[in-house]
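*Asks:* See start.pdb below, with PDB, C-alpha atoms, pLDDT in the B column.
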```pdb
ATOM      1  CA  MET A   1      27.265  -5.082 -21.282  1.00 92.00           C
ATOM      2  CA  ARG A   2      26.963  -1.728 -19.546  1.00 97.00           C
ATOM      3  CA  ASP A   3      29.833   0.726 -19.252  1.00 98.00           C
ATOM      4  CA  ILE A   4      31.153   1.147 -15.721  1.00 98.00           C
ATOM      5  CA  ALA A   5      33.712   3.538 -14.238  1.00 98.00           C
ATOM      6  CA  ILE A   6      35.399   2.944 -10.906  1.00 98.00           C
ATOM      7  CA  TYR A   7      35.576   6.044  -8.704  1.00 98.00           C
ATOM      8  CA  GLY A   8      38.899   5.819  -6.879  1.00 97.00           C
ATOM      9  CA  PHE A   9      42.235   4.858  -8.424  1.00 97.00           C
ATOM     10  CA  GLY A  10      43.792   3.483  -5.229  1.00 95.00           C
ATOM     11  CA  GLY A  11      44.323  -0.108  -4.206  1.00 95.00           C
ATOM     12  CA  PHE A  12      40.695  -0.728  -3.361  1.00 97.00           C
ATOM     13  CA  GLY A  13      39.741   0.536  -6.815  1.00 97.00           C
ATOM     14  CA  HIS A  14      41.960  -2.199  -8.221  1.00 97.00           C
ATOM     15  CA  GLU A  15      40.244  -4.783  -6.020  1.00 97.00           C
ATOM     16  CA  VAL A  16      36.839  -3.663  -7.254  1.00 98.00           C
ATOM     17  CA  ALA A  17      38.035  -4.140 -10.820  1.00 98.00           C
ATOM     18  CA  CYS A  18      38.917  -7.716  -9.874  1.00 98.00           C
ATOM     19  CA  VAL A  19      35.408  -8.267  -8.465  1.00 98.00           C
ATOM     20  CA  ILE A  20      33.833  -6.912 -11.657  1.00 98.00           C
ATOM     21  CA  ASN A  21      36.042  -9.142 -13.792  1.00 98.00           C
ATOM     22  CA  LYS A  22      35.005 -12.203 -11.766  1.00 98.00           C
ATOM     23  CA  ILE A  23      31.345 -11.276 -12.172  1.00 98.00           C
ATOM     24  CA  ASN A  24      31.907 -11.013 -15.917  1.00 98.00           C
ATOM     25  CA  GLU A  25      33.445 -14.492 -16.030  1.00 97.00           C
ATOM     26  CA  ILE A  26      30.092 -15.882 -14.856  1.00 97.00           C
ATOM     27  CA  GLU A  27      27.790 -13.471 -16.671  1.00 95.00           C
ATOM     28  CA  PRO A  28      29.112 -10.643 -18.874  1.00 97.00           C
ATOM     29  CA  THR A  29      27.683  -7.575 -17.166  1.00 97.00           C
ATOM     30  CA  TRP A  30      30.041  -4.569 -17.271  1.00 98.00           C
ATOM     31  CA  LYS A  31      32.762  -3.104 -19.442  1.00 98.00           C
ATOM     32  CA  ILE A  32      35.270  -1.180 -17.327  1.00 98.00           C
ATOM     33  CA  VAL A  33      35.887   2.078 -19.199  1.00 98.00           C
ATOM     34  CA  GLY A  34      38.377   3.449 -16.665  1.00 98.00           C
ATOM     35  CA  TYR A  35      38.705   5.337 -13.410  1.00 98.00           C
ATOM     36  CA  ILE A  36      37.421   8.603 -11.992  1.00 98.00           C
ATOM     37  CA  ASP A  37      39.612  10.270  -9.370  1.00 97.00           C
ATOM     38  CA  ASP A  38      39.713  13.807  -7.989  1.00 96.00           C
ATOM     39  CA  GLY A  39      43.403  13.680  -7.096  1.00 95.00           C
ATOM     40  CA  VAL A  40      45.161  11.623  -9.786  1.00 96.00           C
ATOM     41  CA  ALA A  41      46.249  12.993 -13.158  1.00 96.00           C
ATOM     42  CA  VAL A  42      44.225  12.109 -16.230  1.00 97.00           C
ATOM     43  CA  GLY A  43      45.901   9.335 -18.198  1.00 96.00           C
ATOM     44  CA  THR A  44      47.521   7.644 -15.201  1.00 97.00           C
ATOM     45  CA  THR A  45      47.243   3.924 -15.857  1.00 96.00           C
ATOM     46  CA  CYS A  46      47.255   0.586 -14.088  1.00 96.00           C
ATOM     47  CA  LYS A  47      46.531  -2.973 -15.175  1.00 95.00           C
ATOM     48  CA  TYR A  48      42.770  -2.386 -14.952  1.00 97.00           C
ATOM     49  CA  GLY A  49      42.417   0.943 -16.759  1.00 97.00           C
ATOM     50  CA  LYS A  50      43.346   4.603 -16.820  1.00 97.00           C
ATOM     51  CA  VAL A  51      42.114   7.745 -15.092  1.00 98.00           C
ATOM     52  CA  LEU A  52      39.540   9.482 -17.278  1.00 98.00           C
ATOM     53  CA  GLY A  53      38.962  12.578 -15.183  1.00 97.00           C
ATOM     54  CA  ASP A  54      37.339  13.815 -11.960  1.00 97.00           C
ATOM     55  CA  ARG A  55      33.776  14.307 -10.739  1.00 96.00           C
ATOM     56  CA  ASN A  56      33.273  17.140 -13.221  1.00 97.00           C
ATOM     57  CA  THR A  57      34.080  14.721 -16.022  1.00 97.00           C
ATOM     58  CA  LEU A  58      31.463  12.363 -14.672  1.00 97.00           C
ATOM     59  CA  ASN A  59      28.865  15.102 -14.375  1.00 98.00           C
ATOM     60  CA  GLN A  60      29.405  15.907 -18.053  1.00 97.00           C
ATOM     61  CA  TRP A  61      29.409  12.277 -19.228  1.00 98.00           C
ATOM     62  CA  PRO A  62      27.237  12.163 -22.372  1.00 97.00           C
ATOM     63  CA  THR A  63      25.949   8.587 -22.194  1.00 97.00           C
ATOM     64  CA  SER A  64      24.512   6.188 -19.640  1.00 98.00           C
ATOM     65  CA  ILE A  65      27.186   4.867 -17.284  1.00 98.00           C
ATOM     66  CA  ASP A  66      27.387   2.880 -14.062  1.00 98.00           C
ATOM     67  CA  VAL A  67      29.790   3.967 -11.318  1.00 98.00           C
ATOM     68  CA  ALA A  68      31.288   2.010  -8.417  1.00 98.00           C
ATOM     69  CA  ILE A  69      32.579   4.248  -5.615  1.00 98.00           C
ATOM     70  CA  ALA A  70      35.686   2.435  -4.390  1.00 98.00           C
ATOM     71  CA  ILE A  71      36.976   4.772  -1.685  1.00 96.00           C
ATOM     72  CA  GLY A  72      37.331   3.441   1.862  1.00 93.00           C
ATOM     73  CA  SER A  73      36.227   6.592   3.673  1.00 96.00           C
ATOM     74  CA  PRO A  74      32.720   7.016   5.103  1.00 97.00           C
ATOM     75  CA  LYS A  75      33.004  10.773   4.555  1.00 96.00           C
ATOM     76  CA  TYR A  76      33.595  10.402   0.824  1.00 96.00           C
ATOM     77  CA  LEU A  77      31.146   7.520   0.467  1.00 97.00           C
ATOM     78  CA  ALA A  78      28.519  10.051   1.547  1.00 97.00           C
ATOM     79  CA  GLU A  79      29.877  13.151  -0.214  1.00 97.00           C
ATOM     80  CA  ILE A  80      30.648  11.798  -3.671  1.00 97.00           C
ATOM     81  CA  PRO A  81      27.174  10.506  -4.618  1.00 97.00           C
ATOM     82  CA  ALA A  82      25.672  13.817  -3.500  1.00 96.00           C
ATOM     83  CA  ALA A  83      28.080  15.644  -5.832  1.00 96.00           C
ATOM     84  CA  ILE A  84      27.115  13.574  -8.884  1.00 97.00           C
ATOM     85  CA  THR A  85      24.186  15.349 -10.509  1.00 96.00           C
ATOM     86  CA  ASN A  86      24.289  13.745 -13.970  1.00 98.00           C
ATOM     87  CA  PRO A  87      21.024  11.777 -14.423  1.00 98.00           C
ATOM     88  CA  LEU A  88      22.841   9.379 -16.770  1.00 98.00           C
ATOM     89  CA  VAL A  89      24.949   8.048 -13.871  1.00 98.00           C
ATOM     90  CA  SER A  90      23.717   4.974 -11.984  1.00 98.00           C
ATOM     91  CA  PHE A  91      25.169   3.285  -8.911  1.00 98.00           C
ATOM     92  CA  PRO A  92      24.705  -0.503  -9.068  1.00 98.00           C
ATOM     93  CA  ASN A  93      25.475  -2.907  -6.260  1.00 98.00           C
ATOM     94  CA  ILE A  94      28.748  -4.752  -6.939  1.00 98.00           C
ATOM     95  CA  ILE A  95      28.653  -8.176  -5.283  1.00 98.00           C
ATOM     96  CA  ALA A  96      31.382 -10.796  -5.590  1.00 98.00           C
ATOM     97  CA  PRO A  97      30.200 -14.137  -6.965  1.00 97.00           C
ATOM     98  CA  ASN A  98      31.236 -16.114  -3.875  1.00 97.00           C
ATOM     99  CA  VAL A  99      29.243 -14.130  -1.303  1.00 98.00           C
ATOM    100  CA  PHE A 100      27.365 -16.731   0.775  1.00 97.00           C
ATOM    101  CA  TYR A 101      23.718 -16.154   1.691  1.00 97.00           C
ATOM    102  CA  PHE A 102      21.582 -18.095   4.171  1.00 97.00           C
ATOM    103  CA  ASP A 103      18.452 -16.733   2.463  1.00 98.00           C
ATOM    104  CA  LYS A 104      19.216 -14.427  -0.448  1.00 96.00           C
ATOM    105  CA  GLU A 105      15.568 -13.502  -0.981  1.00 97.00           C
ATOM    106  CA  SER A 106      15.402 -11.963   2.503  1.00 98.00           C
ATOM    107  CA  ILE A 107      18.353  -9.597   1.920  1.00 98.00           C
ATOM    108  CA  LYS A 108      17.408  -6.002   1.041  1.00 98.00           C
ATOM    109  CA  LEU A 109      19.979  -3.701  -0.549  1.00 98.00           C
ATOM    110  CA  GLY A 110      19.875  -0.056  -1.536  1.00 98.00           C
ATOM    111  CA  GLN A 111      22.224   1.225  -4.245  1.00 98.00           C
ATOM    112  CA  GLY A 112      25.957   1.615  -4.657  1.00 98.00           C
ATOM    113  CA  ASN A 113      27.013  -1.060  -2.187  1.00 98.00           C
ATOM    114  CA  ILE A 114      30.213  -3.050  -2.762  1.00 98.00           C
ATOM    115  CA  ILE A 115      30.441  -6.510  -1.200  1.00 98.00           C
ATOM    116  CA  THR A 116      33.713  -8.245  -1.962  1.00 97.00           C
ATOM    117  CA  PHE A 117      35.005 -11.804  -1.827  1.00 97.00           C
ATOM    118  CA  GLY A 118      34.160 -14.226   0.957  1.00 97.00           C
ATOM    119  CA  CYS A 119      31.410 -12.284   2.743  1.00 98.00           C
ATOM    120  CA  ARG A 120      28.727 -14.167   4.671  1.00 98.00           C
ATOM    121  CA  MET A 121      25.159 -12.878   4.878  1.00 97.00           C
ATOM    122  CA  SER A 122      22.642 -14.537   7.183  1.00 98.00           C
ATOM    123  CA  CYS A 123      18.919 -13.761   6.744  1.00 98.00           C
ATOM    124  CA  ASN A 124      16.542 -10.787   7.047  1.00 98.00           C
ATOM    125  CA  ILE A 125      19.307  -8.220   6.557  1.00 98.00           C
ATOM    126  CA  THR A 126      18.676  -4.651   5.402  1.00 98.00           C
ATOM    127  CA  ILE A 127      21.534  -2.591   3.959  1.00 98.00           C
ATOM    128  CA  GLY A 128      21.193   1.016   2.819  1.00 98.00           C
ATOM    129  CA  ASN A 129      23.310   2.833   0.218  1.00 98.00           C
ATOM    130  CA  PHE A 130      27.037   3.131  -0.561  1.00 98.00           C
ATOM    131  CA  ASN A 131      28.349   0.732   2.051  1.00 98.00           C
ATOM    132  CA  ILE A 132      31.580  -1.198   1.534  1.00 98.00           C
ATOM    133  CA  LEU A 133      32.048  -4.704   2.930  1.00 98.00           C
ATOM    134  CA  ASP A 134      35.659  -5.455   2.076  1.00 97.00           C
ATOM    135  CA  GLY A 135      36.393  -9.150   2.366  1.00 94.00           C
ATOM    136  CA  ASN A 136      35.167 -11.947   4.654  1.00 97.00           C
ATOM    137  CA  ILE A 137      32.618  -9.779   6.440  1.00 98.00           C
ATOM    138  CA  SER A 138      29.974 -11.658   8.434  1.00 98.00           C
ATOM    139  CA  LEU A 139      26.524 -10.167   9.039  1.00 98.00           C
ATOM    140  CA  GLY A 140      24.188 -12.046  11.379  1.00 98.00           C
ATOM    141  CA  HIS A 141      20.423 -12.337  11.131  1.00 98.00           C
ATOM    142  CA  ASP A 142      18.242  -9.222  11.193  1.00 98.00           C
ATOM    143  CA  VAL A 143      21.124  -6.764  10.937  1.00 98.00           C
ATOM    144  CA  VAL A 144      20.060  -3.289   9.793  1.00 98.00           C
ATOM    145  CA  MET A 145      22.714  -1.009   8.293  1.00 98.00           C
ATOM    146  CA  GLY A 146      22.380   2.595   7.165  1.00 98.00           C
ATOM    147  CA  ASN A 147      24.483   4.409   4.577  1.00 98.00           C
ATOM    148  CA  ALA A 148      28.175   5.009   3.811  1.00 98.00           C
ATOM    149  CA  ASN A 149      29.654   2.556   6.289  1.00 98.00           C
ATOM    150  CA  MET A 150      33.121   1.121   5.654  1.00 98.00           C
ATOM    151  CA  MET A 151      34.005  -2.372   6.907  1.00 98.00           C
ATOM    152  CA  PHE A 152      37.551  -3.620   6.549  1.00 97.00           C
ATOM    153  CA  PRO A 153      38.310  -7.368   6.253  1.00 97.00           C
ATOM    154  CA  GLU A 154      36.950  -9.920   8.725  1.00 98.00           C
ATOM    155  CA  VAL A 155      34.516  -7.646  10.556  1.00 98.00           C
ATOM    156  CA  ARG A 156      31.863  -9.675  12.409  1.00 98.00           C
ATOM    157  CA  ILE A 157      28.455  -8.154  13.160  1.00 98.00           C
ATOM    158  CA  SER A 158      26.181 -10.318  15.294  1.00 98.00           C
ATOM    159  CA  GLY A 159      22.433 -10.724  14.860  1.00 97.00           C
ATOM    160  CA  GLN A 160      19.874  -7.986  15.443  1.00 98.00           C
ATOM    161  CA  THR A 161      22.492  -5.249  15.475  1.00 98.00           C
ATOM    162  CA  GLU A 162      21.486  -1.842  14.131  1.00 98.00           C
ATOM    163  CA  ILE A 163      24.179   0.310  12.514  1.00 98.00           C
ATOM    164  CA  GLY A 164      23.712   3.964  11.577  1.00 98.00           C
ATOM    165  CA  ASN A 165      25.578   5.990   8.968  1.00 98.00           C
ATOM    166  CA  GLN A 166      29.210   6.772   8.133  1.00 98.00           C
ATOM    167  CA  ASN A 167      30.894   4.404  10.569  1.00 98.00           C
ATOM    168  CA  PHE A 168      34.401   3.015   9.994  1.00 98.00           C
ATOM    169  CA  PHE A 169      35.090  -0.535  11.182  1.00 98.00           C
ATOM    170  CA  GLY A 170      38.747  -1.558  11.249  1.00 97.00           C
ATOM    171  CA  ALA A 171      39.800  -5.083  10.360  1.00 98.00           C
ATOM    172  CA  ARG A 172      38.476  -7.817  12.668  1.00 98.00           C
ATOM    173  CA  THR A 173      36.137  -5.538  14.573  1.00 98.00           C
ATOM    174  CA  PHE A 174      33.463  -7.571  16.382  1.00 98.00           C
ATOM    175  CA  ALA A 175      30.002  -6.372  17.443  1.00 98.00           C
ATOM    176  CA  SER A 176      27.933  -8.407  19.884  1.00 97.00           C
ATOM    177  CA  GLN A 177      24.258  -9.140  19.300  1.00 96.00           C
ATOM    178  CA  CYS A 178      21.301  -6.779  19.662  1.00 97.00           C
ATOM    179  CA  LEU A 179      23.375  -3.602  19.793  1.00 97.00           C
ATOM    180  CA  LYS A 180      22.713  -0.144  18.393  1.00 98.00           C
ATOM    181  CA  ILE A 181      25.654   1.673  16.837  1.00 98.00           C
ATOM    182  CA  GLY A 182      25.088   5.320  15.966  1.00 98.00           C
ATOM    183  CA  ASN A 183      26.692   7.553  13.342  1.00 98.00           C
ATOM    184  CA  ASN A 184      30.192   8.782  12.502  1.00 97.00           C
ATOM    185  CA  ASN A 185      32.089   6.391  14.745  1.00 97.00           C
ATOM    186  CA  ARG A 186      35.507   4.849  14.148  1.00 97.00           C
ATOM    187  CA  PHE A 187      36.550   1.464  15.495  1.00 98.00           C
ATOM    188  CA  GLY A 188      40.183   0.467  15.485  1.00 96.00           C
ATOM    189  CA  ALA A 189      41.326  -2.911  14.220  1.00 97.00           C
ATOM    190  CA  GLY A 190      40.389  -5.740  16.550  1.00 96.00           C
ATOM    191  CA  THR A 191      37.889  -3.718  18.587  1.00 97.00           C
ATOM    192  CA  TYR A 192      35.182  -5.692  20.430  1.00 97.00           C
ATOM    193  CA  ILE A 193      31.925  -3.735  20.669  1.00 98.00           C
ATOM    194  CA  LEU A 194      29.924  -5.090  23.592  1.00 96.00           C
ATOM    195  CA  ARG A 195      27.597  -2.195  24.417  1.00 96.00           C
ATOM    196  CA  LYS A 196      25.504   0.483  22.735  1.00 96.00           C
ATOM    197  CA  ILE A 197      27.543   3.121  20.884  1.00 97.00           C
ATOM    198  CA  LYS A 198      26.232   6.667  20.351  1.00 95.00           C
ATOM    199  CA  ASN A 199      27.720   9.089  17.804  1.00 96.00           C
ATOM    200  CA  ASP A 200      31.040  10.663  16.810  1.00 95.00           C
ATOM    201  CA  GLY A 201      33.439   8.511  18.797  1.00 95.00           C
ATOM    202  CA  LEU A 202      36.768   6.744  18.333  1.00 97.00           C
ATOM    203  CA  TYR A 203      36.871   3.325  19.993  1.00 97.00           C
ATOM    204  CA  MET A 204      39.605   0.759  20.482  1.00 96.00           C
ATOM    205  CA  GLY A 205      40.283  -2.367  22.501  1.00 96.00           C
ATOM    206  CA  ASN A 206      38.500  -5.381  24.002  1.00 95.00           C
ATOM    207  CA  PRO A 207      36.054  -4.328  25.265  1.00 95.00           C
ATOM    208  CA  ALA A 208      35.762  -1.165  23.187  1.00 94.00           C
ATOM    209  CA  LYS A 209      36.757   1.987  25.028  1.00 95.00           C
ATOM    210  CA  LYS A 210      36.297   5.536  23.801  1.00 93.00           C
ATOM    211  CA  VAL A 211      39.589   7.225  23.020  1.00 90.00           C
ATOM    212  CA  SER A 212      40.170  10.958  23.262  1.00 79.00           C
ATOM    213  CA  ILE A 213      42.070  12.737  20.505  1.00 69.00           C
ATOM    214  CA  ASP A 214      44.245  15.645  21.654  1.00 59.00           C
TER     215      ASP A 214
END
```
Would you kindly transcribe this structure into structure tokens?

*Replies:*
Amino acid sequence: MRDIAIYGFGGFGHEVACVINKINEIEPTWKIVGYIDDGVAVGTTCKYGKVLGDRNTLNQWPTSIDVAIAIGSPKYLAEIPAAITNPLVSFPNIIAPNVFYFDKESIKLGQGNIITFGCRMSCNITIGNFNILDGNISLGHDVVMGNANMMFPEVRISGQTEIGNQNFFGARTFASQCLKIGNNNRFGAGTYILRKIKNDGLYMGNPAKKVSID
């Protein structure tokens, strides 16, 4: 078994520990050594482990270690891996055992992705790095996804949709087929995306409408 640390001591970090434990029930793969967090005191504990230190601790880690970045923010999903310079750190994909695939061999994944319980993956899907699919996410055929996207539970992405980088999808967001979604967008819970989305917007409603922030 390989050592693994979970980056992020919050609730989602606890969920990721549960996913790892379920994986281990089927095939012993990882030993959870604890948590890394930049804002929680060393020694703080929960059922699944204790905080070992911050990113500096990880950069000085003396042995080979896997890390799962369990923070639901596209900004930090992009920033944290770039700040980890220790060549002994690896970022595996963490995939819950009950993820359902139409054609697993046609799914392409980068590194550091977390796909939790109940997700549904069609065929010919390409996913980049450090994306989080947090519970009952559905990706249709030929979806292409970039890096550091965060999807909250029950997001539905229809076939042939192209998603850029660092987008935040609130729970039960829906995207219609054959769309292009750019970078750095935020979609409120229950948003229905029915047209092309560019960059740097906040969208809410059905259909999605861009919202101004004063």

*Asks:* What residues come out when you apply the PyMOL selection byres ((chain A and resi 165-182) around 6) to this file, written as a PyMOL selection string?

*Replies:* chain A and resi 74+146-164+183-194+196-199

*Asks:* Can I get the selected residues back with C-alpha atoms, as a PDB file, in the coordinates of the input?

*Replies:*
```pdb
ATOM      1  CA  PRO A  74      32.720   7.016   5.103  1.00 97.00           C
ATOM      2  CA  GLY A 146      22.380   2.595   7.165  1.00 98.00           C
ATOM      3  CA  ASN A 147      24.483   4.409   4.577  1.00 98.00           C
ATOM      4  CA  ALA A 148      28.175   5.009   3.811  1.00 98.00           C
ATOM      5  CA  ASN A 149      29.654   2.556   6.289  1.00 98.00           C
ATOM      6  CA  MET A 150      33.121   1.121   5.654  1.00 98.00           C
ATOM      7  CA  MET A 151      34.005  -2.372   6.907  1.00 98.00           C
ATOM      8  CA  PHE A 152      37.551  -3.620   6.549  1.00 97.00           C
ATOM      9  CA  PRO A 153      38.310  -7.368   6.253  1.00 97.00           C
ATOM     10  CA  GLU A 154      36.950  -9.920   8.725  1.00 98.00           C
ATOM     11  CA  VAL A 155      34.516  -7.646  10.556  1.00 98.00           C
ATOM     12  CA  ARG A 156      31.863  -9.675  12.409  1.00 98.00           C
ATOM     13  CA  ILE A 157      28.455  -8.154  13.160  1.00 98.00           C
ATOM     14  CA  SER A 158      26.181 -10.318  15.294  1.00 98.00           C
ATOM     15  CA  GLY A 159      22.433 -10.724  14.860  1.00 97.00           C
ATOM     16  CA  GLN A 160      19.874  -7.986  15.443  1.00 98.00           C
ATOM     17  CA  THR A 161      22.492  -5.249  15.475  1.00 98.00           C
ATOM     18  CA  GLU A 162      21.486  -1.842  14.131  1.00 98.00           C
ATOM     19  CA  ILE A 163      24.179   0.310  12.514  1.00 98.00           C
ATOM     20  CA  GLY A 164      23.712   3.964  11.577  1.00 98.00           C
ATOM     21  CA  ASN A 183      26.692   7.553  13.342  1.00 98.00           C
ATOM     22  CA  ASN A 184      30.192   8.782  12.502  1.00 97.00           C
ATOM     23  CA  ASN A 185      32.089   6.391  14.745  1.00 97.00           C
ATOM     24  CA  ARG A 186      35.507   4.849  14.148  1.00 97.00           C
ATOM     25  CA  PHE A 187      36.550   1.464  15.495  1.00 98.00           C
ATOM     26  CA  GLY A 188      40.183   0.467  15.485  1.00 96.00           C
ATOM     27  CA  ALA A 189      41.326  -2.911  14.220  1.00 97.00           C
ATOM     28  CA  GLY A 190      40.389  -5.740  16.550  1.00 96.00           C
ATOM     29  CA  THR A 191      37.889  -3.718  18.587  1.00 97.00           C
ATOM     30  CA  TYR A 192      35.182  -5.692  20.430  1.00 97.00           C
ATOM     31  CA  ILE A 193      31.925  -3.735  20.669  1.00 98.00           C
ATOM     32  CA  LEU A 194      29.924  -5.090  23.592  1.00 96.00           C
ATOM     33  CA  LYS A 196      25.504   0.483  22.735  1.00 96.00           C
ATOM     34  CA  ILE A 197      27.543   3.121  20.884  1.00 97.00           C
ATOM     35  CA  LYS A 198      26.232   6.667  20.351  1.00 95.00           C
ATOM     36  CA  ASN A 199      27.720   9.089  17.804  1.00 96.00           C
TER      37      ASN A 199
END
```

*Asks:* Taking the file above as input, evaluate the PyMOL selection byres ((chain A and resi 140) around 7) and report the hits as a PyMOL selection string.

*Replies:* chain A and resi 121-122+138-139+141-143+157-159

*Asks:* Give me the result of the PyMOL selection byres ((chain A and resi 125) around 6) on this file, residue by residue, as a list in words.

*Replies:*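 Checking the PyMOL selection byres ((chain A and resi 125) around 6) against this file, the residues are Ile107, Cys123, Asn124, Thr126, Asp142, Val143 and Val144 of chain A.
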
*Asks:* Suppose you want the space between CA of Gly72 in chain A and CA of Gly128 in chain A; what is it in Å?

*Replies:*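 Computing it gives 16.3 Å between the two atoms.
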
*Asks:* Of the candidates A:Tyr48, A:Phe12, A:Phe130, A:Trp61, which shows the shortest atom-to-atom distance to Asn86 in chain A, using only C-alpha atoms?

*Replies:* A:Trp61

*Asks:* Do you have the CA of Ile71 in chain A-CA of Pro92 in chain A distance handy?

*Replies:* 15.3 Å

*Asks:* Work out how far CA of Ile65 in chain A is from CA of Thr45 in chain A, in Å to one decimal.

*Replies:*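 These atoms are spaced 20.1 Å apart.
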
*Asks:* Identify which of the residues A:Tyr7, A:His14, A:Val19, A:Gly135 lies closest to Ile84 in chain A, counting only C-alpha atoms when measuring atom-to-atom distances.

*Replies:*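 For Ile84 in chain A, the nearest of the given residues is A:Tyr7.
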
*Asks:* Given the point (45.8, 5.1, -3.2) in the file's coordinates, find the residues that have an atom at most 12 Å from it, counting all atoms listed in the file, and give them as a CSV table (one decimal) with C-alpha atoms, in the coordinates of the input.

*Replies:*
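Final output, saved to point06.csv:
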```csv
chain,number,residue,atom,x,y,z
A,7,TYR,CA,35.6,6.0,-8.7
A,8,GLY,CA,38.9,5.8,-6.9
A,9,PHE,CA,42.2,4.9,-8.4
A,10,GLY,CA,43.8,3.5,-5.2
A,11,GLY,CA,44.3,-0.1,-4.2
A,12,PHE,CA,40.7,-0.7,-3.4
A,13,GLY,CA,39.7,0.5,-6.8
A,14,HIS,CA,42.0,-2.2,-8.2
A,15,GLU,CA,40.2,-4.8,-6.0
A,37,ASP,CA,39.6,10.3,-9.4
A,38,ASP,CA,39.7,13.8,-8.0
A,39,GLY,CA,43.4,13.7,-7.1
A,40,VAL,CA,45.2,11.6,-9.8
A,46,CYS,CA,47.3,0.6,-14.1
A,70,ALA,CA,35.7,2.4,-4.4
A,71,ILE,CA,37.0,4.8,-1.7
A,72,GLY,CA,37.3,3.4,1.9
A,73,SER,CA,36.2,6.6,3.7
```

*Asks:* Given the choices A:Cys18, A:Ile69, A:Asn59, A:Gly43, which gets closest to Ile6 in chain A if the distance is worked out from all atoms listed in the file?

*Replies:* A:Ile69

*Asks:* Ranking A:Asn136, A:Asn131, A:Gln111, A:Thr57 by minimum distance to Val42 in chain A and counting all atoms listed in the file, which one comes first?

*Replies:*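 Nearest to Val42 in chain A: A:Thr57.
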
*Asks:* Which of these residues is nearest to Ile95 in chain A, using only C-alpha atoms: A:Val16, A:Ile36, A:Val67, A:Met145?

*Replies:* A:Val16

*Asks:* Please put the answer as lines of an AutoDock Vina configuration file: centre and edge lengths, in Å with one decimal, of a box along x, y and z that encloses all listed atoms of range 130-147 of chain A plus 4 Å on each side.

*Replies:*
```
center_x = 27.3
center_y = -4.0
center_z = 5.4
size_x = 26.2
size_y = 24.7
size_z = 19.9
```

*Asks:* Nearest residue to Val89 in chain A out of A:Asn113, A:Ser64, A:Thr29, A:Ser106, using all atoms listed in the file?

*Replies:*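 Among the listed residues, the smallest separation from Val89 in chain A belongs to A:Ser64.
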
*Asks:* Restore all heavy atoms in range 175-179 of chain A and list the result as a PDB file, in the frame of the given file.

*Replies:*
```pdb
ATOM      1  N   ALA A 175      31.131  -6.976  16.735  1.00 98.00           N
ATOM      2  CA  ALA A 175      30.002  -6.372  17.443  1.00 98.00           C
ATOM      3  C   ALA A 175      29.098  -7.465  17.976  1.00 98.00           C
ATOM      4  O   ALA A 175      28.668  -8.346  17.226  1.00 98.00           O
ATOM      5  CB  ALA A 175      29.224  -5.440  16.528  1.00 98.00           C
ATOM      6  N   SER A 176      28.814  -7.425  19.264  1.00 97.00           N
ATOM      7  CA  SER A 176      27.933  -8.407  19.884  1.00 97.00           C
ATOM      8  C   SER A 176      26.489  -8.200  19.436  1.00 97.00           C
ATOM      9  O   SER A 176      26.156  -7.217  18.782  1.00 97.00           O
ATOM     10  CB  SER A 176      28.038  -8.303  21.407  1.00 97.00           C
ATOM     11  OG  SER A 176      27.364  -9.368  22.038  1.00 97.00           O
ATOM     12  N   GLN A 177      25.621  -9.139  19.808  1.00 96.00           N
ATOM     13  CA  GLN A 177      24.258  -9.140  19.300  1.00 96.00           C
ATOM     14  C   GLN A 177      23.392  -8.066  19.949  1.00 96.00           C
ATOM     15  O   GLN A 177      23.642  -7.610  21.048  1.00 96.00           O
ATOM     16  CB  GLN A 177      23.599 -10.515  19.511  1.00 96.00           C
ATOM     17  CG  GLN A 177      23.358 -10.894  20.954  1.00 96.00           C
ATOM     18  CD  GLN A 177      24.548 -11.540  21.605  1.00 96.00           C
ATOM     19  OE1 GLN A 177      25.654 -11.580  21.054  1.00 96.00           O
ATOM     20  NE2 GLN A 177      24.337 -12.067  22.803  1.00 96.00           N
ATOM     21  N   CYS A 178      22.377  -7.659  19.180  1.00 97.00           N
ATOM     22  CA  CYS A 178      21.301  -6.779  19.662  1.00 97.00           C
ATOM     23  C   CYS A 178      21.799  -5.396  20.089  1.00 97.00           C
ATOM     24  O   CYS A 178      21.206  -4.763  20.968  1.00 97.00           O
ATOM     25  CB  CYS A 178      20.542  -7.433  20.821  1.00 97.00           C
ATOM     26  SG  CYS A 178      19.806  -9.031  20.422  1.00 97.00           S
ATOM     27  N   LEU A 179      22.854  -4.923  19.451  1.00 97.00           N
ATOM     28  CA  LEU A 179      23.375  -3.602  19.793  1.00 97.00           C
ATOM     29  C   LEU A 179      22.854  -2.543  18.833  1.00 97.00           C
ATOM     30  O   LEU A 179      22.422  -2.847  17.728  1.00 97.00           O
ATOM     31  CB  LEU A 179      24.911  -3.610  19.740  1.00 97.00           C
ATOM     32  CG  LEU A 179      25.632  -4.496  20.740  1.00 97.00           C
ATOM     33  CD1 LEU A 179      27.129  -4.373  20.546  1.00 97.00           C
ATOM     34  CD2 LEU A 179      25.246  -4.138  22.176  1.00 97.00           C
TER      35      LEU A 179
END
```
